Structure formats: C-alpha cells, structure tokens
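Notes follow the structure.
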Amino acid sequence: MSIAVYAGSFDPVTAGHLSVIRQAARLFGHVVVVVAINPEKRTLLSVAERVELLREVVALHPNVSVSSTEGLIVDYARAIGASVLLRGVRGATDAQFETTLAQANRALAPDLATLFLPAEAHLAEVSSSRLKEKLERGEDVSDFCPPAVAAKLRQRMSPPSLRSPR
C-alpha cells in the first residue's frame, strides 16, 4: 500500500488543505496528515487543537490519519514507510517556495518523491493567515473552512470578556 505524507502547520486547516487531502485520499492507499511542529513559529492553535480539528474534518476518509511531529518530515515519512511527500500549491509564489522545499527534502531523502497538488481553483486565495484576517474583521469564512474550524477560531480570537464560560 502506498503511503503519502501531507505535512504543514495547519493553523488552522482550511478548505484549500481539505481539497488537497481529498485528492490525495483518491490517489494513495493511506495519507498521513502531519502537523509539523516548528517551535520558532507562533501559532494561534495548540498542536493538540490542530490535530483534533484535522481528525474531525477528515473523518469521512477512512484512509486518512492525522499525527504530529517535532522532527524532520523526511525522517517521519521514512519511519512510517511513506514513499511520497505531498505539498499543496495555490499559485506561482507557492510553487517557488514549495520547489525549494522539495529540493531540500530530496537532498536529505532522495528515496522520497514530492508531489505537488493544487487546491481547487476557487480556493486559490485561501490561506490560514487570510482566514484569520477575515475572522478578525468579522467576515464570513464559510467558503474558507469547515464550520468546526470557524467555531474554534471565533472562540479563540474573541476578546476574553465575550467568550462563553466553560
């Protein structure tokens, strides 16, 4: 069975990420979505929250699982027997960055191929950063992410005085 790894910060998971995951689930026997932990990157959601949201939104895909790692993605991929690293691309800027990353990964792990999967065309402008910006402005984000993600972000981004008690 072919195993592919789709890694990212997923802070939070967007409709664009899900587009890539759906395509990957059709192409590979198993897809592992990996929350890559970068201690130097400031994130809104904790690793546990990102993993939980991902598990919720990929639950309909029995051949997709979710994990996290602090190490190099190529090491993680080798450890689970993956043969492909997946990268989502939205446009030319992403393609340049992702090509550079793929070349670095190839230097570290020549046995792993990198496959670029574009999100659906109408999701080309969707990014985690843009999603958070839209929420901060109070805009509708239903086209950018699943409802569970929007709810979690609204909860996290609202002023403490407006949050519902737990």
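Within each chain, counting starts at residue 1; across the structure tokens, chains are named A, B, ... in the order shown, with ligands numbered 1 upward in that order.
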
Item to check | Which of region 7-131 of chain A DSSP labels alpha helix (DSSP H), written as a ChimeraX atom specification | outcome: /A:15-27,47-57,73-79,92-108,128-131

Only C-alpha atoms, please: the residues just picked out, written as a PDB file, in the first residue's frame.
```pdb
ATOM      1  CA  ALA A  15     -10.784  24.403   2.676  1.00  0.00           C
ATOM      2  CA  GLY A  16      -7.666  24.509   0.474  1.00  0.00           C
ATOM      3  CA  HIS A  17      -5.921  21.951   2.692  1.00  0.00           C
ATOM      4  CA  LEU A  18      -9.019  19.766   2.565  1.00  0.00           C
ATOM      5  CA  SER A  19      -9.075  19.968  -1.227  1.00  0.00           C
ATOM      6  CA  VAL A  20      -5.534  18.590  -1.284  1.00  0.00           C
ATOM      7  CA  ILE A  21      -6.410  15.893   1.264  1.00  0.00           C
ATOM      8  CA  ARG A  22      -9.450  14.743  -0.774  1.00  0.00           C
ATOM      9  CA  GLN A  23      -7.318  14.433  -3.917  1.00  0.00           C
ATOM     10  CA  ALA A  24      -4.604  12.569  -2.023  1.00  0.00           C
ATOM     11  CA  ALA A  25      -7.120  10.166  -0.481  1.00  0.00           C
ATOM     12  CA  ARG A  26      -8.156   9.134  -4.021  1.00  0.00           C
ATOM     13  CA  LEU A  27      -4.549   8.691  -5.172  1.00  0.00           C
ATOM     14  CA  VAL A  47      -0.767  21.226  18.420  1.00  0.00           C
ATOM     15  CA  ALA A  48      -3.490  19.198  20.166  1.00  0.00           C
ATOM     16  CA  GLU A  49      -6.210  21.545  18.857  1.00  0.00           C
ATOM     17  CA  ARG A  50      -4.870  21.380  15.299  1.00  0.00           C
ATOM     18  CA  VAL A  51      -4.673  17.577  15.411  1.00  0.00           C
ATOM     19  CA  GLU A  52      -8.190  17.355  16.875  1.00  0.00           C
ATOM     20  CA  LEU A  53      -9.678  19.651  14.215  1.00  0.00           C
ATOM     21  CA  LEU A  54      -7.928  17.766  11.431  1.00  0.00           C
ATOM     22  CA  ARG A  55      -9.179  14.430  12.744  1.00  0.00           C
ATOM     23  CA  GLU A  56     -12.711  15.797  12.847  1.00  0.00           C
ATOM     24  CA  VAL A  57     -12.665  17.172   9.299  1.00  0.00           C
ATOM     25  CA  ILE A  73       9.254  15.409   7.904  1.00  0.00           C
ATOM     26  CA  VAL A  74      11.582  13.240   5.810  1.00  0.00           C
ATOM     27  CA  ASP A  75      12.560  11.312   8.956  1.00  0.00           C
ATOM     28  CA  TYR A  76       8.916  10.908   9.923  1.00  0.00           C
ATOM     29  CA  ALA A  77       7.990   9.750   6.403  1.00  0.00           C
ATOM     30  CA  ARG A  78      10.771   7.166   6.345  1.00  0.00           C
ATOM     31  CA  ALA A  79       9.823   5.905   9.824  1.00  0.00           C
ATOM     32  CA  ALA A  92       3.261  30.777  -8.590  1.00  0.00           C
ATOM     33  CA  THR A  93       4.516  32.107  -5.258  1.00  0.00           C
ATOM     34  CA  ASP A  94       3.658  28.833  -3.512  1.00  0.00           C
ATOM     35  CA  ALA A  95       5.193  26.846  -6.367  1.00  0.00           C
ATOM     36  CA  GLN A  96       8.543  28.597  -5.995  1.00  0.00           C
ATOM     37  CA  PHE A  97       8.648  28.123  -2.223  1.00  0.00           C
ATOM     38  CA  GLU A  98       7.468  24.512  -2.474  1.00  0.00           C
ATOM     39  CA  THR A  99      10.005  23.691  -5.192  1.00  0.00           C
ATOM     40  CA  THR A 100      12.808  24.969  -2.965  1.00  0.00           C
ATOM     41  CA  LEU A 101      11.481  22.886  -0.068  1.00  0.00           C
ATOM     42  CA  ALA A 102      11.155  19.805  -2.307  1.00  0.00           C
ATOM     43  CA  GLN A 103      14.770  20.185  -3.435  1.00  0.00           C
ATOM     44  CA  ALA A 104      15.928  20.413   0.184  1.00  0.00           C
ATOM     45  CA  ASN A 105      13.913  17.307   1.058  1.00  0.00           C
ATOM     46  CA  ARG A 106      15.339  15.455  -1.958  1.00  0.00           C
ATOM     47  CA  ALA A 107      18.858  16.275  -0.776  1.00  0.00           C
ATOM     48  CA  LEU A 108      18.005  14.803   2.646  1.00  0.00           C
ATOM     49  CA  SER A 128      -4.641  30.092   7.142  1.00  0.00           C
ATOM     50  CA  SER A 129      -3.426  33.686   7.525  1.00  0.00           C
ATOM     51  CA  ARG A 130      -6.133  35.088   5.267  1.00  0.00           C
ATOM     52  CA  LEU A 131      -8.766  33.035   7.084  1.00  0.00           C
TER      53      LEU A 131
END
```

Please identify every residue of region 25-143 of chain A that has at least one atom no farther than 7 Å from an atom of region 7-12 of chain A, counting only C-alpha atoms, and for each give the shortest atom pair and the distance in Å to one decimal, arranged by chain then increasing number, as a Markdown table.
```
| residue | atom | partner | partner_atom | distance |
| --- | --- | --- | --- | --- |
| A:Val33 | CA | A:Ala7 | CA | 5.8 |
| A:Val34 | CA | A:Ala7 | CA | 4.5 |
| A:Val35 | CA | A:Ser9 | CA | 5.3 |
| A:Ala36 | CA | A:Ser9 | CA | 5.3 |
| A:Ile37 | CA | A:Ser9 | CA | 6.8 |
| A:Thr43 | CA | A:Asp11 | CA | 6.4 |
| A:Leu44 | CA | A:Asp11 | CA | 6.6 |
| A:Leu45 | CA | A:Asp11 | CA | 6.2 |
| A:Arg50 | CA | A:Pro12 | CA | 6.5 |
| A:Ser128 | CA | A:Pro12 | CA | 5.7 |
```

Name the residues in contact with Val126 (chain A) at a cut-off of 10 Å, using only C-alpha atoms, excluding same-chain residues fewer than 6 positions from it; report them as a short mmCIF file (atom, residue, chain, number, x, y, z; two decimals) with all heavy atoms, in the first residue's frame.
```cif
data_model
loop_
_atom_site.label_atom_id
_atom_site.label_comp_id
_atom_site.auth_asym_id
_atom_site.auth_seq_id
_atom_site.Cartn_x
_atom_site.Cartn_y
_atom_site.Cartn_z
N THR A 14 -7.64 24.60 6.39
CA THR A 14 -8.53 25.40 5.55
C THR A 14 -9.21 24.51 4.51
O THR A 14 -8.86 23.34 4.34
CB THR A 14 -7.73 26.48 4.79
OG1 THR A 14 -6.87 25.83 3.84
CG2 THR A 14 -6.93 27.37 5.73
N ALA A 15 -10.13 25.11 3.77
CA ALA A 15 -10.78 24.40 2.68
C ALA A 15 -9.76 24.02 1.60
O ALA A 15 -9.90 22.99 0.94
CB ALA A 15 -11.89 25.27 2.08
N GLY A 16 -8.73 24.84 1.43
CA GLY A 16 -7.67 24.51 0.47
C GLY A 16 -6.91 23.26 0.89
O GLY A 16 -6.63 22.38 0.07
N HIS A 17 -6.57 23.16 2.18
CA HIS A 17 -5.92 21.95 2.69
C HIS A 17 -6.81 20.73 2.45
O HIS A 17 -6.33 19.67 2.03
CB HIS A 17 -5.66 22.05 4.20
CG HIS A 17 -4.67 23.09 4.60
ND1 HIS A 17 -4.93 24.01 5.60
CD2 HIS A 17 -3.42 23.36 4.16
CE1 HIS A 17 -3.87 24.79 5.75
NE2 HIS A 17 -2.94 24.42 4.89
N ARG A 90 -0.98 26.91 -4.28
CA ARG A 90 -2.09 27.79 -4.66
C ARG A 90 -1.76 28.58 -5.91
O ARG A 90 -2.65 28.97 -6.64
CB ARG A 90 -2.39 28.76 -3.52
CG ARG A 90 -2.98 28.11 -2.30
CD ARG A 90 -3.19 29.14 -1.23
NE ARG A 90 -1.90 29.69 -0.85
CZ ARG A 90 -1.47 29.83 0.39
NH1 ARG A 90 -2.22 29.46 1.38
NH2 ARG A 90 -0.30 30.33 0.65
N ALA A 119 -4.88 23.02 -5.00
CA ALA A 119 -6.25 23.03 -4.49
C ALA A 119 -7.16 23.38 -5.65
O ALA A 119 -6.70 23.83 -6.71
CB ALA A 119 -6.38 24.04 -3.36
N VAL A 141 -16.55 33.30 6.70
CA VAL A 141 -15.45 32.43 6.28
C VAL A 141 -15.94 31.04 5.88
O VAL A 141 -15.14 30.12 5.76
CB VAL A 141 -14.36 32.32 7.38
CG1 VAL A 141 -13.68 33.66 7.63
CG2 VAL A 141 -14.95 31.74 8.67
N ASP A 143 -16.70 29.74 3.16
CA ASP A 143 -16.05 29.18 1.97
C ASP A 143 -14.58 28.85 2.22
O ASP A 143 -13.94 28.23 1.38
CB ASP A 143 -16.14 30.15 0.79
CG ASP A 143 -17.55 30.30 0.27
OD1 ASP A 143 -18.38 29.40 0.52
OD2 ASP A 143 -17.82 31.31 -0.40
N PHE A 144 -14.04 29.27 3.34
CA PHE A 144 -12.62 29.12 3.62
C PHE A 144 -12.30 27.93 4.51
O PHE A 144 -11.17 27.47 4.54
CB PHE A 144 -12.07 30.39 4.28
CG PHE A 144 -11.75 31.49 3.32
CD1 PHE A 144 -12.70 32.06 2.51
CD2 PHE A 144 -10.45 31.98 3.24
CE1 PHE A 144 -12.40 33.07 1.63
CE2 PHE A 144 -10.14 32.99 2.36
CZ PHE A 144 -11.11 33.54 1.55
N CYS A 145 -13.28 27.46 5.29
CA CYS A 145 -13.00 26.38 6.24
C CYS A 145 -14.29 25.70 6.68
O CYS A 145 -15.37 26.26 6.53
CB CYS A 145 -12.25 26.92 7.45
SG CYS A 145 -13.21 28.05 8.48
#
```

Checklist entry - Can you tell me, as a PyMOL selection string, what residues are no more than 8 Å from Gly29 (chain A) when counting only C-alpha atoms, ignoring any on the same chain fewer than 4 positions away? => result chain A and resi 1-3+25+63

Next on the checklist: Could you list, as a list in words, every residue within 7 Å of region 112-115 of chain A, counting only C-alpha atoms and ignoring same-chain residues fewer than 6 positions away?
Outcome noted: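 Listing them by chain and then by number gives Ser83, Val84, Leu85, Leu86, Arg87, Ala102 and Arg106 of chain A.
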
Item to check | Spatial neighbours of Asp140 (chain A), max dist 10 Å, only C-alpha atoms, sep filter under 5 positions, as a PyMOL selection string | outcome: chain A and resi 131+134-135+150

Mind writing the picked residues with C-alpha atoms as a PDB file, in the first residue's frame?
```
ATOM      1  CA  LEU A 131      -8.766  33.035   7.084  1.00  0.00           C
ATOM      2  CA  LYS A 134     -11.212  37.628   7.633  1.00  0.00           C
ATOM      3  CA  LEU A 135     -12.403  36.403  11.032  1.00  0.00           C
ATOM      4  CA  ALA A 150     -14.602  28.615  12.159  1.00  0.00           C
TER       5      ALA A 150
END
```

Next on the checklist: With only C-alpha atoms as the counted atoms, please give the residues lying no more than 8 Å from Pro118 (chain A), apart from itself and same-chain residues fewer than 2 positions off, as an MDAnalysis selection string.
Outcome noted: chainID A and resid 20 88:90 116 120:121

Checklist entry - Mind checking DSSP for region 16-164 of chain A and telling me the strand (DSSP E) residues as a PyMOL selection string? => result chain A and resi 30-36+64-69+84-89+113-118

Next on the checklist: Just the number, please: distance in Å from CA of Glu70 (chain A) to CA of Lys41 (chain A), one decimal.
Outcome noted: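 Going from CA of Glu70 (chain A) over to CA of Lys41 (chain A), I get 12.1 Å.
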
Item to check | Which of A:Ser142, A:Arg42, A:Phe28, A:Gly91 sits closest to His61 (chain A) [using only C-alpha atoms] | outcome: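 Between A:Ser142, A:Arg42, A:Phe28, A:Gly91, the residue approaching His61 (chain A) most closely is A:Phe28.
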
Next on the checklist: Restricting the calculation to only C-alpha atoms: of A:Ser65, A:Ser46, A:Ser158, A:Asn38, which residue gets closest to Lys132 (chain A)?
Outcome noted: A:Ser158

Item to check | Minimum-distance residue to Val66 (chain A), chosen among A:Ala109, A:Ala148, A:Leu117, A:Val13 (using only C-alpha atoms) | outcome: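 Distance minimum relative to Val66 (chain A) lands on A:Val13.
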
Checklist entry - So what do you get for CA of Ser67 (chain A) versus CA of Val32 (chain A), distance-wise? => result 7.0 Å

Next on the checklist: I'd like the interatomic distance between CA of Gln155 (chain A) and CA of Ser68 (chain A), to a tenth of an Å.
Outcome noted: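 Between CA of Gln155 (chain A) and CA of Ser68 (chain A) the gap is 23.2 Å.
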